[in-house]
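Trainee: Got a structure for you, questions after.
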Amino acid sequence: MSFCSFSREAGAPETPIQPAYTWAYLGSSSLGPHHDAVRQALNIHPLLAPWVPALGEEERLRKRLQAAIDAFKDERIRWFIGRSRALVDSGLIGLDKMDQLVRYLMRDEIERHLILRELEENGPLTAPELSERTGVELDRVREHLNVMCVVGEVLRQGSEGEPSFSLAAPLREIMEERRICPCETVVALLHRLLGLWGGGSSGQEG
Amino acid sequence: MAKKDKFEPLIVAFCCNWCSYAGADLAGTSRFEYPTNVRIIRVMCSGRVDPIFVLEAFRLGADGVLLTGCHPGDCHYIDGNLKAEMRARYIRACLEEVGLEPERFRLEWVSASEGVRFAELIKEFTETIKRLGPSPLRRREHGGE
């Protein structure tokens with residue numbers, strides 16, 4: 001179905017661009033060296049971009065499910081779910097509190113995986129673009145990006161205006177690291193509770 | 001509209017080898033009728049069912065997923081079904097988070113002697129899924145918007 005495909009950098013693997021995403025990609029603030037060539041090839045009027053179309057409900061749901069599958073592959077959620085009964089039975093934590101904790105963690109993980117998948121699929125994107133494409137609130141996207149920058153999964157690009165973000169390594173490598181390393185969860189907690197790395201209490205539950 | 005009326009849900013059922021699968025077998029050998037919408041996958045224990053299996057089934061277009069195991073206390077592996085119970089709780093939470101109706105997933109206990117119960121369960125779950133309509137991932141196939 002892809003009607004246009006090009007690589008972002010010389011030697012980088014080709015990334016097929018789906019028709020629905022092409023405009024979003026071209027509207028991105030940090031584009032690859034093929035930006036002008038693609039615009040010319042597609043005869044795009046500069047005033048028309050950036051225009052980020054809403055994803056179809058079906059596509060959005062499919063992506064969220066994929067993100068949930070990715071999240072469940074991580075040890076951090078699996079550990080909680082695996083130990084949840086033992087923890088509740090031991091009286092250390094109530095069932096309701098455990099539910100809240102797992103939901104809180106699950107939500108974070110699903111959203112982060114959504115962001116990672118979008119960055120893998122589309123290359124560098126800004127926080128508003130990510131928010132638009134993932135359906136996650138802008139504040140939360142910014143927070144996740146901050147955390148992922150701190151742990152080195154995502155790189156910030158551009159100093160003026162809205163910075164764009166890209167993956168620091170191939171997604172497969174990032175996923176493997178995430179599966180065994182809970183540091184991101186710790187960073188997120190410090191970010192939210194203590195306001196480190198520009199974070200602060202964002203009034204979230206948990 | 002005609003397409004919508006013909007909606008036949010696709011249900012994936014994970015049945016544990018020792019109780020539910022034997023219950024399904026009994027329903028068959030006893031000739032209890034139940035809808036053909038269900039595709040049974042035999043697993044050695046309901047505790048073997050990873051949440052990823054359920055999410056993957058939904059991603060691939062299942063309208064509903066049923067997980068059946070031994071009654072609490074009857075598990076062949078002592079507490080596999082209790083582990084499944086906890087997981088099911090979070091699978092439902094995950095479905096809610098993702099945007100699918102949690103009613104599309106259900107955990108039930110069926111013993112080897114409960115052929116009738118198995119048939120009734122499948123009938124009832126099929127009706128529930130029919131009421132909910134096709135999975136949002138398959139709505140287009142069924143003439144939805």
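Every chain in the structure tokens has a letter given in the order shown (A, B, ...), and although residue numbers restart at 1 in each chain, ligands are simply numbered from 1 in the order shown.
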Using only C-alpha atoms, which residues of chain A come within 7 Å of chain B, and what is the closest atom pair for each, with the distance in Å to one decimal? Give it as a Markdown table, sorted by chain and residue number.
Mentor:
```
| residue | atom | partner | partner_atom | distance |
| --- | --- | --- | --- | --- |
| A:Glu58 | CA | B:Leu137 | CA | 5.3 |
| A:Leu61 | CA | B:Val98 | CA | 6.8 |
| A:Arg62 | CA | B:Arg59 | CA | 6.2 |
| A:Arg64 | CA | B:Val98 | CA | 5.6 |
| A:Leu65 | CA | B:Arg59 | CA | 6.2 |
| A:Ile69 | CA | B:Ile52 | CA | 5.6 |
| A:Phe72 | CA | B:Ile52 | CA | 6.5 |
| A:Ile81 | CA | B:Arg87 | CA | 6.5 |
| A:Arg85 | CA | B:Met86 | CA | 6.7 |
| A:Arg103 | CA | B:Ala93 | CA | 6.8 |
| A:Arg107 | CA | B:Glu97 | CA | 6.9 |
```
Trainee: If we count only C-alpha atoms, what is near A:Leu119 at a cut-off of 7 Å, once residues fewer than 6 positions away on the same chain are taken out, given as a list in words?
Mentor: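 Those residues are Leu125, Ser166 and Leu167 of chain A.
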Trainee: Keeping only N, CA and C atoms, write the selected residues as a PDB file, in the first residue's frame.
Mentor:
```
ATOM      1  N   LEU A 125      10.095  13.067  15.566  1.00  0.00           N
ATOM      2  CA  LEU A 125       8.786  13.733  15.697  1.00  0.00           C
ATOM      3  C   LEU A 125       8.836  14.652  16.905  1.00  0.00           C
ATOM      4  N   SER A 166      14.135  11.490  18.567  1.00  0.00           N
ATOM      5  CA  SER A 166      14.342  10.279  17.760  1.00  0.00           C
ATOM      6  C   SER A 166      14.901   9.181  18.645  1.00  0.00           C
ATOM      7  N   LEU A 167      14.853   7.973  18.150  1.00  0.00           N
ATOM      8  CA  LEU A 167      15.367   6.841  18.924  1.00  0.00           C
ATOM      9  C   LEU A 167      16.892   6.906  18.995  1.00  0.00           C
TER      10      LEU A 167
END
```
